[in-house]
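The next block is protein-v8.pdb, given as PDB, C-alpha atoms.
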ATOM      1  CA  MET A   1      62.887  93.684-129.994
ATOM      2  CA  SER A   2      61.288  93.122-126.614
ATOM      3  CA  PRO A   3      63.348  93.351-123.420
ATOM      4  CA  ALA A   4      64.467  90.133-121.788
ATOM      5  CA  PRO A   5      62.207  88.986-118.969
ATOM      6  CA  PRO A   6      63.550  89.805-115.507
ATOM      7  CA  ILE A   7      65.565  87.114-113.794
ATOM      8  CA  PRO A   8      63.625  85.802-110.792
ATOM      9  CA  PRO A   9      65.327  86.100-107.416
ATOM     10  CA  PRO A  10      67.298  83.063-106.279
ATOM     11  CA  PRO A  11      65.235  80.622-104.231
ATOM     12  CA  ARG A  12      65.512  79.915-100.522
ATOM     13  CA  ILE A  13      67.740  76.863 -99.951
ATOM     14  CA  LEU A  14      67.350  74.083 -97.380
ATOM     15  CA  GLY A  15      70.626  72.246 -96.774
ATOM     16  CA  LEU A  16      70.409  68.863 -95.073
ATOM     17  CA  ASP A  17      73.150  66.750 -93.514
ATOM     18  CA  PRO A  18      71.360  63.388 -93.295
ATOM     19  CA  GLY A  19      71.611  61.031 -90.358
ATOM     20  CA  LEU A  20      69.280  58.619 -88.610
ATOM     21  CA  GLN A  21      69.975  59.962 -85.125
ATOM     22  CA  VAL A  22      70.689  63.594 -85.965
ATOM     23  CA  THR A  23      70.007  65.397 -89.235
ATOM     24  CA  GLY A  24      71.451  68.877 -89.523
ATOM     25  CA  TYR A  25      69.462  71.454 -91.456
ATOM     26  CA  ALA A  26      70.018  75.041 -92.536
ATOM     27  CA  VAL A  27      67.761  77.440 -94.387
ATOM     28  CA  LEU A  28      69.538  80.147 -96.374
ATOM     29  CA  GLU A  29      67.917  83.094 -98.082
ATOM     30  CA  PRO A  30      69.713  85.121-100.743
ATOM     31  CA  GLY A  31      70.558  88.708 -99.924
ATOM     32  CA  ASP A  32      72.485  91.620-101.375
ATOM     33  CA  ALA A  33      75.222  91.239 -98.753
ATOM     34  CA  GLY A  34      75.352  87.457 -99.199
ATOM     35  CA  PRO A  35      73.200  84.606 -97.954
ATOM     36  CA  ARG A  36      71.288  85.124 -94.727
ATOM     37  CA  VAL A  37      70.732  82.244 -92.311
ATOM     38  CA  CYS A  38      66.986  82.025 -91.639
ATOM     39  CA  GLU A  39      67.323  79.058 -89.314
ATOM     40  CA  ALA A  40      69.738  76.236 -88.608
ATOM     41  CA  GLY A  41      69.456  73.309 -86.251
ATOM     42  CA  VAL A  42      68.976  69.583 -85.983
ATOM     43  CA  ILE A  43      66.164  67.107 -86.323
ATOM     44  CA  ARG A  44      66.629  64.409 -83.716
ATOM     45  CA  SER A  45      65.129  61.063 -84.558
ATOM     46  CA  ALA A  46      66.734  59.108 -81.751
ATOM     47  CA  GLU A  47      68.612  59.539 -78.522
ATOM     48  CA  ALA A  48      71.745  57.530 -77.863
ATOM     49  CA  ARG A  49      70.050  55.645 -75.036
ATOM     50  CA  GLU A  50      67.036  54.570 -77.120
ATOM     51  CA  PRO A  51      66.899  51.161 -78.777
ATOM     52  CA  ALA A  52      67.349  51.248 -82.555
ATOM     53  CA  ASP A  53      63.733  51.305 -83.779
ATOM     54  CA  MET A  54      64.233  52.001 -87.482
ATOM     55  CA  ALA A  55      60.569  52.593 -88.299
ATOM     56  CA  ARG A  56      60.250  55.196 -85.522
ATOM     57  CA  ARG A  57      63.460  56.953 -86.562
ATOM     58  CA  VAL A  58      62.356  57.135 -90.188
ATOM     59  CA  ARG A  59      58.961  58.559 -89.187
ATOM     60  CA  LEU A  60      60.472  61.181 -86.838
ATOM     61  CA  LEU A  61      62.926  62.259 -89.540
ATOM     62  CA  TYR A  62      60.118  62.494 -92.110
ATOM     63  CA  ASP A  63      57.949  64.569 -89.759
ATOM     64  CA  GLY A  64      60.846  66.873 -88.869
ATOM     65  CA  ILE A  65      61.742  67.583 -92.483
ATOM     66  CA  VAL A  66      58.098  68.227 -93.373
ATOM     67  CA  GLU A  67      57.848  70.681 -90.463
ATOM     68  CA  VAL A  68      60.913  72.623 -91.659
ATOM     69  CA  LEU A  69      59.567  72.643 -95.227
ATOM     70  CA  GLU A  70      56.161  73.925 -94.151
ATOM     71  CA  GLN A  71      57.701  76.702 -92.075
ATOM     72  CA  TRP A  72      60.313  77.949 -94.585
ATOM     73  CA  ARG A  73      59.041  76.789 -98.003
ATOM     74  CA  PRO A  74      62.456  76.488 -99.691
ATOM     75  CA  GLY A  75      62.653  76.333-103.458
ATOM     76  CA  ILE A  76      65.595  73.952-103.315
ATOM     77  CA  MET A  77      66.539  71.131-101.001
ATOM     78  CA  VAL A  78      70.172  70.098-101.147
ATOM     79  CA  VAL A  79      71.819  67.041 -99.676
ATOM     80  CA  GLU A  80      75.257  65.475 -99.710
ATOM     81  CA  GLN A  81      75.698  62.639-102.191
ATOM     82  CA  LEU A  82      76.045  59.203-100.687
ATOM     83  CA  TYR A  83      79.624  58.104-100.191
ATOM     84  CA  ALA A  84      80.377  54.618 -98.919
ATOM     85  CA  HIS A  85      83.733  53.752 -97.453
ATOM     86  CA  TYR A  86      84.373  50.041 -97.756
ATOM     87  CA  LYS A  87      85.354  49.873 -94.062
ATOM     88  CA  HIS A  88      81.964  51.254 -92.950
ATOM     89  CA  PRO A  89      79.191  49.742 -95.119
ATOM     90  CA  ARG A  90      76.642  49.908 -92.279
ATOM     91  CA  THR A  91      77.058  53.681 -92.066
ATOM     92  CA  ALA A  92      76.362  54.005 -95.790
ATOM     93  CA  ILE A  93      73.256  51.855 -95.499
ATOM     94  CA  LEU A  94      71.895  53.920 -92.589
ATOM     95  CA  MET A  95      72.736  57.144 -94.416
ATOM     96  CA  GLY A  96      70.859  55.760 -97.415
ATOM     97  CA  HIS A  97      67.730  55.452 -95.280
ATOM     98  CA  ALA A  98      67.957  59.101 -94.222
ATOM     99  CA  ARG A  99      68.682  60.288 -97.771
ATOM    100  CA  GLY A 100      65.733  58.264 -99.046
ATOM    101  CA  ILE A 101      63.417  60.069 -96.634
ATOM    102  CA  ILE A 102      64.798  63.449 -97.746
ATOM    103  CA  LEU A 103      64.344  62.595-101.421
ATOM    104  CA  LEU A 104      60.822  61.321-100.770
ATOM    105  CA  VAL A 105      59.808  64.496 -98.935
ATOM    106  CA  ALA A 106      61.309  66.666-101.696
ATOM    107  CA  GLN A 107      59.464  64.742-104.373
ATOM    108  CA  ARG A 108      56.118  64.785-102.509
ATOM    109  CA  ARG A 109      56.425  68.535-101.842
ATOM    110  CA  GLY A 110      57.518  69.386-105.368
ATOM    111  CA  ALA A 111      60.835  70.836-104.203
ATOM    112  CA  ARG A 112      63.829  70.834-106.496
ATOM    113  CA  ILE A 113      66.592  68.594-105.162
ATOM    114  CA  GLU A 114      70.310  69.131-105.648
ATOM    115  CA  GLN A 115      73.096  66.804-104.549
ATOM    116  CA  PHE A 116      76.801  67.531-104.130
ATOM    117  CA  ALA A 117      79.781  65.350-103.310
ATOM    118  CA  ALA A 118      81.268  65.856 -99.846
ATOM    119  CA  ASN A 119      84.649  66.898-101.226
ATOM    120  CA  ARG A 120      83.003  69.519-103.468
ATOM    121  CA  ILE A 121      81.144  70.971-100.470
ATOM    122  CA  LYS A 122      84.340  71.095 -98.421
ATOM    123  CA  GLN A 123      86.265  72.640-101.332
ATOM    124  CA  SER A 124      83.582  75.307-101.718
ATOM    125  CA  VAL A 125      83.657  76.326 -98.054
ATOM    126  CA  VAL A 126      87.118  75.527 -96.695
ATOM    127  CA  GLY A 127      89.237  75.562 -99.847
ATOM    128  CA  HIS A 128      90.211  71.895 -99.898
ATOM    129  CA  GLY A 129      88.136  68.770-100.259
ATOM    130  CA  HIS A 130      89.420  66.801 -97.293
ATOM    131  CA  ALA A 131      88.593  69.185 -94.442
ATOM    132  CA  GLY A 132      87.642  67.687 -91.091
ATOM    133  CA  LYS A 133      84.563  68.434 -88.999
ATOM    134  CA  SER A 134      86.297  71.059 -86.848
ATOM    135  CA  GLN A 135      87.680  72.834 -89.934
ATOM    136  CA  MET A 136      84.166  73.011 -91.384
ATOM    137  CA  GLN A 137      82.812  74.376 -88.102
ATOM    138  CA  ARG A 138      85.503  77.068 -87.918
ATOM    139  CA  ALA A 139      85.013  78.030 -91.573
ATOM    140  CA  ILE A 140      81.258  78.443 -91.053
ATOM    141  CA  GLN A 141      81.900  80.366 -87.832
ATOM    142  CA  SER A 142      84.199  82.722 -89.715
ATOM    143  CA  LEU A 143      81.906  83.168 -92.739
ATOM    144  CA  TRP A 144      78.975  84.303 -90.605
ATOM    145  CA  ASN A 145      81.009  85.949 -87.811
ATOM    146  CA  LEU A 146      79.557  83.637 -85.167
ATOM    147  CA  LYS A 147      80.789  83.817 -81.571
ATOM    148  CA  GLU A 148      81.157  80.044 -81.407
ATOM    149  CA  PRO A 149      81.410  77.254 -83.998
ATOM    150  CA  PRO A 150      77.998  75.730 -84.784
ATOM    151  CA  GLU A 151      77.142  72.748 -82.587
ATOM    152  CA  PRO A 152      76.651  69.943 -83.188
ATOM    153  CA  PRO A 153      78.870  69.632 -86.293
ATOM    154  CA  ASP A 154      75.795  68.502 -88.294
ATOM    155  CA  VAL A 155      74.576  72.131 -88.226
ATOM    156  CA  ALA A 156      77.849  73.404 -89.720
ATOM    157  CA  ASP A 157      77.684  70.675 -92.353
ATOM    158  CA  ALA A 158      74.106  71.623 -93.290
ATOM    159  CA  LEU A 159      75.128  75.294 -93.567
ATOM    160  CA  ALA A 160      78.074  74.287 -95.771
ATOM    161  CA  ILE A 161      75.831  72.133 -97.974
ATOM    162  CA  ALA A 162      73.330  74.972 -98.467
ATOM    163  CA  LEU A 163      76.118  77.499 -99.066
ATOM    164  CA  CYS A 164      77.778  75.265-101.674
ATOM    165  CA  CYS A 165      74.473  74.963-103.513
ATOM    166  CA  GLY A 166      73.902  78.709-103.352
ATOM    167  CA  ARG A 167      77.344  79.347-104.810
ATOM    168  CA  PHE A 168      76.723  76.778-107.547
ATOM    169  CA  ILE A 169      73.379  78.343-108.442
ATOM    170  CA  GLY A 170      74.932  81.790-108.389
ATOM    171  CA  GLN A 171      77.583  80.594-110.825
ATOM    172  CA  LYS A 172      74.980  78.913-113.022
ATOM    173  CA  ARG A 173      72.765  82.011-113.033
ATOM    174  CA  ALA A 174      75.693  84.183-114.095
ATOM    175  CA  LEU A 175      76.319  82.092-117.204
ATOM    176  CA  PRO A 176      74.782  83.342-120.448
ATOM    177  CA  ALA A 177      71.811  81.346-121.742
TER     178      ALA A 177
END

Here is the file; what I need is its structure written in the form of structure tokens.
Amino acid sequence: MSPAPPIPPPPRILGLDPGLQVTGYAVLEPGDAGPRVCEAGVIRSAEAREPADMARRVRLLYDGIVEVLEQWRPGIMVVEQLYAHYKHPRTAILMGHARGIILLVAQRRGARIEQFAANRIKQSVVGHGHAGKSQMQRAIQSLWNLKEPPEPPDVADALAIALCCGRFIGQKRALPA
């Protein structure tokens, strides 16, 4: 009987909080003491004072995501599932544009894509699925012993998205085949 092949190390994870003005991103790398933050920040595709030029925003978002991918080469890209509140259909449509760009980049780069519901992400990090932005920021601050909560909140959300995925993969990897 031959020994089982070694389990490959968990992949680097790129968490993305999609938006057409600001997209938060976070790159996590697995480690013995828990996930390490390689980099976290935002991709800005528009300033508040700029006119809404959708084609330009989409291109800037695409270029920014490609740049992060080329620098960090994550094995997994993870994004929040689309949720549309009936009172804010325009927000869902704009979010759909940003998510479409993320999915396109993942597909063109051959990256695995994972998607999680917002309440699952919040449950994974805060302990309940209806946490607000400031609760998410404080939870991320506490988890990584940061001096200040991540700003803007999109960065904390991207960290939470990547962390949720890492926890899910860790749970999946622990299950017998």

Query raised in the report: Expanded to explicit residues, what is the PyMOL selection byres ((chain A and resi 74) around 6) for this file, as a count of residues only?
Result: 7

Requested in this report: Apply the PyMOL selection byres ((chain A and resi 35-40) around 12) to the displayed file and report the matching residues as a VMD selection string.
Outcome: chain A and resid 10 to 17 23 to 34 41 to 43 68 to 69 71 to 74 140 143 to 146 150 to 167 170

Query raised in the report: Can you list, as JSON, numbers by chain, every protein, DNA or RNA residue that comes within 8 Å of Lys122 (chain A) when you count all atoms listed in the file, leaving out same-chain residues fewer than 6 positions away?
Result: {"A": [128, 129, 130, 131, 136, 160]}

Requested in this report: Record the distance separating CA of Ser134 (chain A) and CA of Arg57 (chain A), expressed in Å with one decimal.
Outcome: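 According to the coordinates, CA of Ser134 (chain A) and CA of Arg57 (chain A) are separated by 26.8 Å.
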
Report task. Write out as a list in words which residues come within 8 Å of region 95-102 of chain A when counting all atoms listed in the file, dropping same-chain ones fewer than 4 positions away. Result ->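 So the residues in contact are Pro18, Gly19, Leu20, Val58, Leu61, Tyr62, Ile65, Val79, Leu82, Thr91 and Ala106 of chain A.
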
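From CA of Phe116 (chain A) back to CA of Glu80 (chain A), the distance works out to 5.1 Å.
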
Query raised in the report: So how far away is CA of Val105 (chain A) from CA of Val66 (chain A), in Å?
Result: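 Computing the Euclidean distance for CA of Val66 (chain A) and CA of Val105 (chain A) yields 6.9 Å.
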
Query raised in the report: With distances taken over all atoms listed in the file, which of A:Val22, A:Ala139, A:Met77, A:Ala4 is nearest to Val125 (chain A)?
Result: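 With all atoms listed in the file as the atom set, the closest residue is A:Ala139.
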